[in-house]
$ cat query-v8.pdb   # PDB, C-alpha atoms and all ligand atoms
ATOM      1  CA  MET A   2     -54.142 -50.075 -43.104
ATOM      2  CA  SER A   3     -55.308 -46.572 -42.182
ATOM      3  CA  GLU A   4     -58.609 -46.144 -40.416
ATOM      4  CA  ALA A   5     -60.035 -44.275 -43.405
ATOM      5  CA  SER A   6     -59.194 -47.031 -45.907
ATOM      6  CA  GLY A   7     -60.468 -49.629 -43.440
ATOM      7  CA  VAL A   8     -63.832 -47.872 -43.389
ATOM      8  CA  ALA A   9     -63.862 -47.628 -47.194
ATOM      9  CA  LEU A  10     -63.236 -51.382 -47.457
ATOM     10  CA  ALA A  11     -66.007 -52.266 -45.008
ATOM     11  CA  LEU A  12     -68.807 -54.209 -46.641
ATOM     12  CA  ALA A  13     -71.533 -51.740 -45.712
ATOM     13  CA  ALA A  14     -69.725 -48.833 -47.404
ATOM     14  CA  ARG A  15     -67.942 -50.516 -50.294
ATOM     15  CA  ALA A  16     -68.881 -49.917 -53.923
ATOM     16  CA  GLY A  17     -66.607 -52.650 -55.294
ATOM     17  CA  LEU A  18     -63.163 -54.125 -54.812
ATOM     18  CA  PRO A  19     -60.339 -51.634 -54.285
ATOM     19  CA  PRO A  20     -58.017 -51.401 -57.344
ATOM     20  CA  GLU A  21     -55.192 -53.447 -55.815
ATOM     21  CA  PHE A  22     -57.465 -56.511 -55.642
ATOM     22  CA  GLN A  23     -58.782 -56.224 -59.192
ATOM     23  CA  TYR A  24     -55.772 -57.612 -61.070
ATOM     24  CA  LEU A  25     -57.158 -61.150 -61.220
ATOM     25  CA  ARG A  26     -60.424 -60.018 -62.787
ATOM     26  CA  GLU A  27     -58.479 -57.819 -65.209
ATOM     27  CA  ALA A  28     -56.496 -60.902 -66.269
ATOM     28  CA  PHE A  29     -59.689 -62.954 -66.672
ATOM     29  CA  PRO A  30     -62.589 -60.523 -67.156
ATOM     30  CA  ARG A  31     -66.248 -61.327 -66.655
ATOM     31  CA  ASP A  32     -67.026 -61.465 -70.355
ATOM     32  CA  ARG A  33     -64.880 -64.617 -70.490
ATOM     33  CA  TRP A  34     -66.762 -66.323 -67.654
ATOM     34  CA  THR A  35     -68.739 -68.419 -70.088
ATOM     35  CA  SER A  36     -68.864 -72.072 -70.995
ATOM     36  CA  GLY A  37     -65.668 -73.983 -70.422
ATOM     37  CA  LEU A  38     -65.192 -72.570 -66.923
ATOM     38  CA  ASP A  39     -63.394 -74.734 -64.420
ATOM     39  CA  GLU A  40     -65.952 -76.992 -62.701
ATOM     40  CA  THR A  41     -65.348 -75.521 -59.233
ATOM     41  CA  ALA A  42     -65.594 -71.965 -60.567
ATOM     42  CA  ALA A  43     -68.835 -72.786 -62.367
ATOM     43  CA  PHE A  44     -70.253 -74.397 -59.224
ATOM     44  CA  TRP A  45     -69.261 -71.319 -57.192
ATOM     45  CA  LEU A  46     -71.184 -69.048 -59.573
ATOM     46  CA  GLN A  47     -74.138 -71.421 -59.452
ATOM     47  CA  MET A  48     -74.198 -71.285 -55.640
ATOM     48  CA  HIS A  49     -74.091 -67.480 -55.738
ATOM     49  CA  ALA A  50     -76.887 -67.372 -58.300
ATOM     50  CA  GLY A  51     -78.910 -69.479 -55.868
ATOM     51  CA  PHE A  52     -78.362 -66.984 -53.034
ATOM     52  CA  ARG A  53     -79.316 -64.059 -55.275
ATOM     53  CA  ALA A  54     -82.495 -65.851 -56.328
ATOM     54  CA  HIS A  55     -83.290 -66.765 -52.739
ATOM     55  CA  GLN A  56     -82.851 -63.164 -51.579
ATOM     56  CA  ALA A  57     -85.057 -61.942 -54.443
ATOM     57  CA  HIS A  58     -87.702 -64.539 -53.540
ATOM     58  CA  MET A  59     -87.801 -63.342 -49.912
ATOM     59  CA  ASP A  60     -87.915 -59.691 -51.039
ATOM     60  CA  GLY A  61     -90.848 -60.617 -53.285
ATOM     61  CA  LEU A  62     -92.785 -62.258 -50.436
ATOM     62  CA  ILE A  63     -92.212 -59.170 -48.302
ATOM     63  CA  GLY A  64     -93.312 -56.891 -51.133
ATOM     64  CA  GLN A  65     -96.577 -58.831 -51.491
ATOM     65  CA  TRP A  66     -97.213 -58.580 -47.779
ATOM     66  CA  ARG A  67     -96.412 -54.883 -47.625
ATOM     67  CA  ALA A  68     -98.818 -54.348 -50.534
ATOM     68  CA  GLY A  69    -101.686 -55.684 -48.423
ATOM     69  CA  GLY A  70    -101.063 -59.404 -47.939
ATOM     70  CA  ASP A  71    -101.752 -61.099 -44.647
ATOM     71  CA  ALA A  72     -99.232 -61.979 -41.970
ATOM     72  CA  ALA A  73    -100.235 -65.658 -41.893
ATOM     73  CA  ALA A  74     -99.288 -66.056 -45.564
ATOM     74  CA  LEU A  75     -96.017 -64.226 -45.004
ATOM     75  CA  HIS A  76     -95.275 -66.495 -42.065
ATOM     76  CA  ARG A  77     -96.105 -69.667 -43.977
ATOM     77  CA  GLN A  78     -93.807 -68.777 -46.870
ATOM     78  CA  LEU A  79     -91.081 -66.569 -45.490
ATOM     79  CA  ILE A  80     -90.065 -68.556 -42.406
ATOM     80  CA  PRO A  81     -89.140 -71.793 -44.250
ATOM     81  CA  ALA A  82     -87.415 -69.727 -46.971
ATOM     82  CA  LEU A  83     -85.468 -67.822 -44.358
ATOM     83  CA  GLN A  84     -84.468 -70.983 -42.485
ATOM     84  CA  SER A  85     -83.110 -72.555 -45.633
ATOM     85  CA  PHE A  86     -81.335 -69.328 -46.633
ATOM     86  CA  LEU A  87     -79.616 -69.007 -43.241
ATOM     87  CA  GLN A  88     -78.546 -72.638 -43.226
ATOM     88  CA  HIS A  89     -77.152 -72.646 -46.762
ATOM     89  CA  LEU A  90     -75.387 -69.307 -46.517
ATOM     90  CA  ASP A  91     -73.792 -70.190 -43.197
ATOM     91  CA  GLY A  92     -72.617 -73.537 -44.608
ATOM     92  CA  HIS A  93     -71.287 -71.855 -47.745
ATOM     93  CA  HIS A  94     -69.259 -69.340 -45.741
ATOM     94  CA  ARG A  95     -67.840 -72.065 -43.513
ATOM     95  CA  VAL A  96     -66.539 -73.978 -46.516
ATOM     96  CA  GLU A  97     -65.127 -70.822 -48.089
ATOM     97  CA  SER A  98     -63.407 -69.430 -44.991
ATOM     98  CA  GLY A  99     -62.410 -72.847 -43.642
ATOM     99  CA  GLN A 100     -61.253 -74.673 -46.765
ATOM    100  CA  TYR A 101     -61.006 -72.632 -49.939
ATOM    101  CA  PHE A 102     -59.615 -69.341 -48.644
ATOM    102  CA  PRO A 103     -56.589 -70.903 -46.866
ATOM    103  CA  MET A 104     -55.832 -72.844 -50.061
ATOM    104  CA  MET A 105     -56.123 -69.680 -52.158
ATOM    105  CA  ARG A 106     -53.801 -67.765 -49.840
ATOM    106  CA  ARG A 107     -51.133 -70.417 -50.495
ATOM    107  CA  ILE A 108     -51.700 -70.504 -54.236
ATOM    108  CA  GLU A 109     -51.778 -66.719 -54.691
ATOM    109  CA  PRO A 110     -50.097 -64.942 -51.730
ATOM    110  CA  ARG A 111     -50.399 -61.583 -53.527
ATOM    111  CA  ILE A 112     -54.199 -61.636 -52.962
ATOM    112  CA  GLY A 113     -53.869 -62.348 -49.210
ATOM    113  CA  ALA A 114     -55.218 -58.934 -48.197
ATOM    114  CA  GLY A 115     -58.135 -59.415 -50.572
ATOM    115  CA  ILE A 116     -58.940 -62.741 -48.902
ATOM    116  CA  ASP A 117     -58.736 -60.928 -45.537
ATOM    117  CA  LEU A 118     -61.391 -58.559 -46.829
ATOM    118  CA  LEU A 119     -63.655 -61.455 -47.863
ATOM    119  CA  ASP A 120     -63.178 -63.111 -44.461
ATOM    120  CA  ARG A 121     -64.195 -59.852 -42.748
ATOM    121  CA  ASP A 122     -67.260 -59.737 -45.003
ATOM    122  CA  HIS A 123     -68.205 -63.188 -43.717
ATOM    123  CA  ASP A 124     -67.936 -61.936 -40.127
ATOM    124  CA  ALA A 125     -70.163 -58.946 -40.938
ATOM    125  CA  ILE A 126     -72.703 -61.115 -42.761
ATOM    126  CA  HIS A 127     -72.681 -63.609 -39.903
ATOM    127  CA  GLU A 128     -73.889 -60.858 -37.564
ATOM    128  CA  THR A 129     -76.704 -60.147 -40.011
ATOM    129  CA  LEU A 130     -77.603 -63.841 -40.129
ATOM    130  CA  GLU A 131     -77.869 -63.831 -36.331
ATOM    131  CA  ALA A 132     -80.178 -60.806 -36.476
ATOM    132  CA  LEU A 133     -82.268 -62.478 -39.185
ATOM    133  CA  PHE A 134     -82.582 -65.601 -37.065
ATOM    134  CA  GLN A 135     -83.659 -63.635 -33.980
ATOM    135  CA  HIS A 136     -86.214 -61.531 -35.873
ATOM    136  CA  GLY A 137     -87.494 -64.618 -37.683
ATOM    137  CA  LEU A 138     -87.973 -66.389 -34.373
ATOM    138  CA  ALA A 139     -89.744 -63.381 -32.825
ATOM    139  CA  PHE A 140     -92.142 -63.182 -35.795
ATOM    140  CA  HIS A 141     -92.751 -66.937 -35.703
ATOM    141  CA  GLN A 142     -93.499 -66.847 -31.967
ATOM    142  CA  ALA A 143     -95.803 -63.859 -32.376
ATOM    143  CA  VAL A 144     -97.792 -65.635 -35.113
ATOM    144  CA  THR A 145     -98.038 -68.996 -33.356
ATOM    145  CA  GLY A 146     -98.817 -67.304 -30.012
ATOM    146  CA  HIS A 147    -101.491 -65.067 -31.620
ATOM    147  CA  ALA A 148     -99.719 -62.036 -30.175
ATOM    148  CA  ARG A 149    -101.053 -58.550 -30.796
ATOM    149  CA  ASP A 150     -97.779 -57.316 -32.254
ATOM    150  CA  VAL A 151     -97.662 -59.782 -35.176
ATOM    151  CA  ASP A 152     -97.604 -57.029 -37.808
ATOM    152  CA  ASP A 153     -94.925 -55.118 -35.968
ATOM    153  CA  ARG A 154     -92.763 -58.255 -35.726
ATOM    154  CA  GLY A 155     -93.358 -58.932 -39.395
ATOM    155  CA  HIS A 156     -92.260 -55.424 -40.355
ATOM    156  CA  ARG A 157     -89.163 -55.641 -38.220
ATOM    157  CA  LEU A 158     -88.160 -58.957 -39.781
ATOM    158  CA  SER A 159     -88.907 -57.597 -43.243
ATOM    159  CA  ASP A 160     -86.754 -54.532 -42.613
ATOM    160  CA  VAL A 161     -83.798 -56.726 -41.656
ATOM    161  CA  VAL A 162     -84.279 -59.067 -44.659
ATOM    162  CA  GLU A 163     -84.412 -56.102 -47.044
ATOM    163  CA  ALA A 164     -81.433 -54.345 -45.445
ATOM    164  CA  ALA A 165     -79.353 -57.526 -45.679
ATOM    165  CA  ALA A 166     -79.655 -57.669 -49.463
ATOM    166  CA  ARG A 167     -77.293 -54.880 -50.523
ATOM    167  CA  PRO A 168     -74.227 -55.971 -48.499
ATOM    168  CA  LEU A 169     -74.788 -59.620 -49.378
ATOM    169  CA  LEU A 170     -74.976 -58.878 -53.103
ATOM    170  CA  ARG A 171     -71.879 -56.685 -52.803
ATOM    171  CA  HIS A 172     -69.987 -59.537 -51.138
ATOM    172  CA  LEU A 173     -71.036 -62.124 -53.724
ATOM    173  CA  GLU A 174     -69.872 -59.934 -56.585
ATOM    174  CA  ASP A 175     -66.568 -58.910 -55.005
ATOM    175  CA  GLU A 176     -65.799 -62.471 -53.996
ATOM    176  CA  GLU A 177     -66.439 -63.685 -57.549
ATOM    177  CA  ASP A 178     -64.018 -61.048 -58.886
ATOM    178  CA  ILE A 179     -61.268 -62.679 -56.833
ATOM    179  CA  VAL A 180     -62.052 -66.379 -56.716
ATOM    180  CA  ILE A 181     -63.324 -67.095 -60.239
ATOM    181  CA  PRO A 182     -60.200 -65.790 -62.038
ATOM    182  CA  LEU A 183     -57.969 -67.269 -59.342
ATOM    183  CA  ILE A 184     -59.423 -70.750 -59.822
ATOM    184  CA  GLN A 185     -59.415 -70.422 -63.581
ATOM    185  CA  LEU A 186     -55.893 -68.986 -63.950
ATOM    186  CA  ARG A 187     -54.024 -70.692 -61.122
ATOM    187  CA  GLY A 188     -56.030 -73.843 -60.411
ATOM    188  CA  LEU A 189     -56.575 -75.155 -56.888
ATOM    189  CA  GLN A 190     -53.733 -77.662 -56.776
ATOM    190  CA  GLY A 191     -50.999 -75.293 -55.518
TER     191      GLY A 191
HETATM  192 FE    FE B   1     -68.318 -65.571 -49.281
HETATM  193 FE    FE B   2     -69.449 -67.273 -51.764
END

$ encode --input "query-v8.pdb" --output "structure tokens" --more "lines below"
Ligand SMILES: [Fe+2]
Ligand SMILES: [Fe+2]
Amino acid sequence: MSEASGVALALAARAGLPPEFQYLREAFPRDRWTSGLDETAAFWLQMHAGFRAHQAHMDGLIGQWRAGGDAAALHRQLIPALQSFLQHLDGHHRVESGQYFPMMRRIEPRIGAGIDLLDRDHDAIHETLEALFQHGLAFHQAVTGHARDVDDRGHRLSDVVEAAARPLLRHLEDEEDIVIPLIQLRGLQG
């Protein structure tokens, strides 16, 4: 892979899957992802819907705070939401990269490079999860320690939460474009 195409495929810069990884979605397009989906595919979409909703919930809490809410309320609501988000997303990625992706590489070797891309996304998102954890902890400690920089810590955490949304949503969508048709068309018994 050239350096230029590597950059274009990076999660932060990507606008969608490159054409060579779109053949599965073309064979089973999104308008057919309706009732009657394979159970695992349906569950996958349900998990992703949960992460989208969770991200939107956190963005909403931050929006309320930025519009004049108080830091104590943000702390009370955002920290548990963030903890649960980090835990579930990390667990989800472990199952994908550890169990499903190796299986999918065997079932559909042609999409191997696409699975590589999704694995690299997980690495990039993992770094973001680490940053979210650290900023969440710093905000929590500032609030519980009655520090003078509570607002500053809150803004820094909020910036990281908001910045994490775009790449995460990109990953969820691109991953679905590979795994949902793959499960539906090839099954997972290969
Ligand atoms: Fe993923
Ligand atoms: Fe996923």

$ closest_residue --input "query-v8.pdb" --among "A:Glu97, A:Glu163, A:Asp178, A:Asp117" --to "ligand FE 2 (chain B)" --atoms "all atoms listed in the file"
A:Glu97

$ resolve_selection --input "query-v8.pdb" --expression "the PyMOL selection byres (((chain A and resi 102-111) around 12) and not hetatm)" --output "MDAnalysis selection string"
chainID A and resid 21:25 93:101 112:120 123 176 179:191

$ resolve_selection --input "query-v8.pdb" --expression "the PyMOL selection byres (((chain A and resi 125-127) around 8) and not hetatm)" --output "list of chain:residue names"
A:Leu12, A:Asp91, A:Arg121, A:Asp122, A:His123, A:Asp124, A:Glu128, A:Thr129, A:Leu130, A:Glu131, A:Pro168, A:Leu169

$ closest_residue --input "query-v8.pdb" --among "A:Ser36, A:Thr41, A:Ser85, A:Gln142" --to "ligand FE 2 (chain B)" --atoms "all atoms listed in the file"
A:Thr41

$ closest_residue --input "query-v8.pdb" --among "A:Gln56, A:Gln47, A:Thr145, A:Gln88" --to "ligand FE 2 (chain B)" --atoms "only C-alpha atoms and all ligand atoms"
A:Gln47

$ closest_residue --input "query-v8.pdb" --among "A:Gly146, A:Gly92, A:Gly137, A:Gly155" --to "ligand FE 1 (chain B)" --atoms "all atoms listed in the file"
A:Gly92

$ closest_residue --input "query-v8.pdb" --among "A:Ala14, A:Pro81, A:Arg33, A:Leu46" --to "ligand FE 2 (chain B)" --atoms "all atoms listed in the file"
A:Leu46

$ atom_distance --input "query-v8.pdb" --atom1 "CA of Gly70 (chain A)" --atom2 "CA of Ala164 (chain A)"
20.4 Å

$ atom_distance --input "query-v8.pdb" --atom1 "CA of Ile80 (chain A)" --atom2 "CA of His147 (chain A)"
16.1 Å

$ closest_residue --input "query-v8.pdb" --among "A:Asp60, A:Asp150, A:Asp39, A:Glu174" --to "ligand FE 2 (chain B)" --atoms "all atoms listed in the file"
A:Glu174

$ resolve_selection --input "query-v8.pdb" --expression "the PyMOL selection byres (((chain A and resi 151) around 12) and not hetatm)" --output "PyMOL selection string"
chain A and resi 71-73+75-76+136-150+152-158

$ atom_distance --input "query-v8.pdb" --atom1 "CA of Leu173 (chain A)" --atom2 "atom FE of ligand FE 1 (chain B)"
6.2 Å

$ build_atoms --input "query-v8.pdb" --residues "region 65-76 of chain A" --atoms "N, CA, C and O atoms" --output "compact mmCIF listing (two decimals), keeping the file's coordinate frame"
# COMPACT_ATOMS: atom_id res chain seq x y z
N GLN A 65 -95.15 -58.46 -51.41
CA GLN A 65 -96.58 -58.83 -51.49
C GLN A 65 -97.28 -58.52 -50.18
O GLN A 65 -98.41 -58.03 -50.15
N TRP A 66 -96.60 -58.82 -49.09
CA TRP A 66 -97.21 -58.58 -47.78
C TRP A 66 -97.37 -57.08 -47.53
O TRP A 66 -98.43 -56.62 -47.11
N ARG A 67 -96.34 -56.33 -47.86
CA ARG A 67 -96.41 -54.88 -47.62
C ARG A 67 -97.49 -54.24 -48.50
O ARG A 67 -98.02 -53.19 -48.17
N ALA A 68 -97.79 -54.89 -49.63
CA ALA A 68 -98.82 -54.35 -50.53
C ALA A 68 -100.23 -54.75 -50.10
O ALA A 68 -101.19 -54.54 -50.84
N GLY A 69 -100.35 -55.37 -48.93
CA GLY A 69 -101.69 -55.68 -48.42
C GLY A 69 -101.94 -57.15 -48.16
O GLY A 69 -103.07 -57.55 -47.90
N GLY A 70 -100.90 -57.98 -48.24
CA GLY A 70 -101.06 -59.40 -47.94
C GLY A 70 -101.26 -59.64 -46.44
O GLY A 70 -101.17 -58.69 -45.65
N ASP A 71 -101.54 -60.88 -46.08
CA ASP A 71 -101.75 -61.10 -44.65
C ASP A 71 -100.54 -61.78 -44.01
O ASP A 71 -99.76 -62.46 -44.68
N ALA A 72 -100.41 -61.55 -42.71
CA ALA A 72 -99.23 -61.98 -41.97
C ALA A 72 -99.12 -63.50 -41.94
O ALA A 72 -98.01 -64.04 -41.92
N ALA A 73 -100.27 -64.19 -41.94
CA ALA A 73 -100.24 -65.66 -41.89
C ALA A 73 -99.57 -66.20 -43.16
O ALA A 73 -98.78 -67.15 -43.11
N ALA A 74 -99.89 -65.60 -44.30
CA ALA A 74 -99.29 -66.06 -45.56
C ALA A 74 -97.80 -65.75 -45.57
O ALA A 74 -96.98 -66.57 -46.02
N LEU A 75 -97.44 -64.57 -45.08
CA LEU A 75 -96.02 -64.23 -45.00
C LEU A 75 -95.28 -65.24 -44.13
O LEU A 75 -94.22 -65.74 -44.49
N HIS A 76 -95.88 -65.54 -42.99
CA HIS A 76 -95.28 -66.50 -42.06
C HIS A 76 -95.09 -67.86 -42.72
O HIS A 76 -94.02 -68.46 -42.65
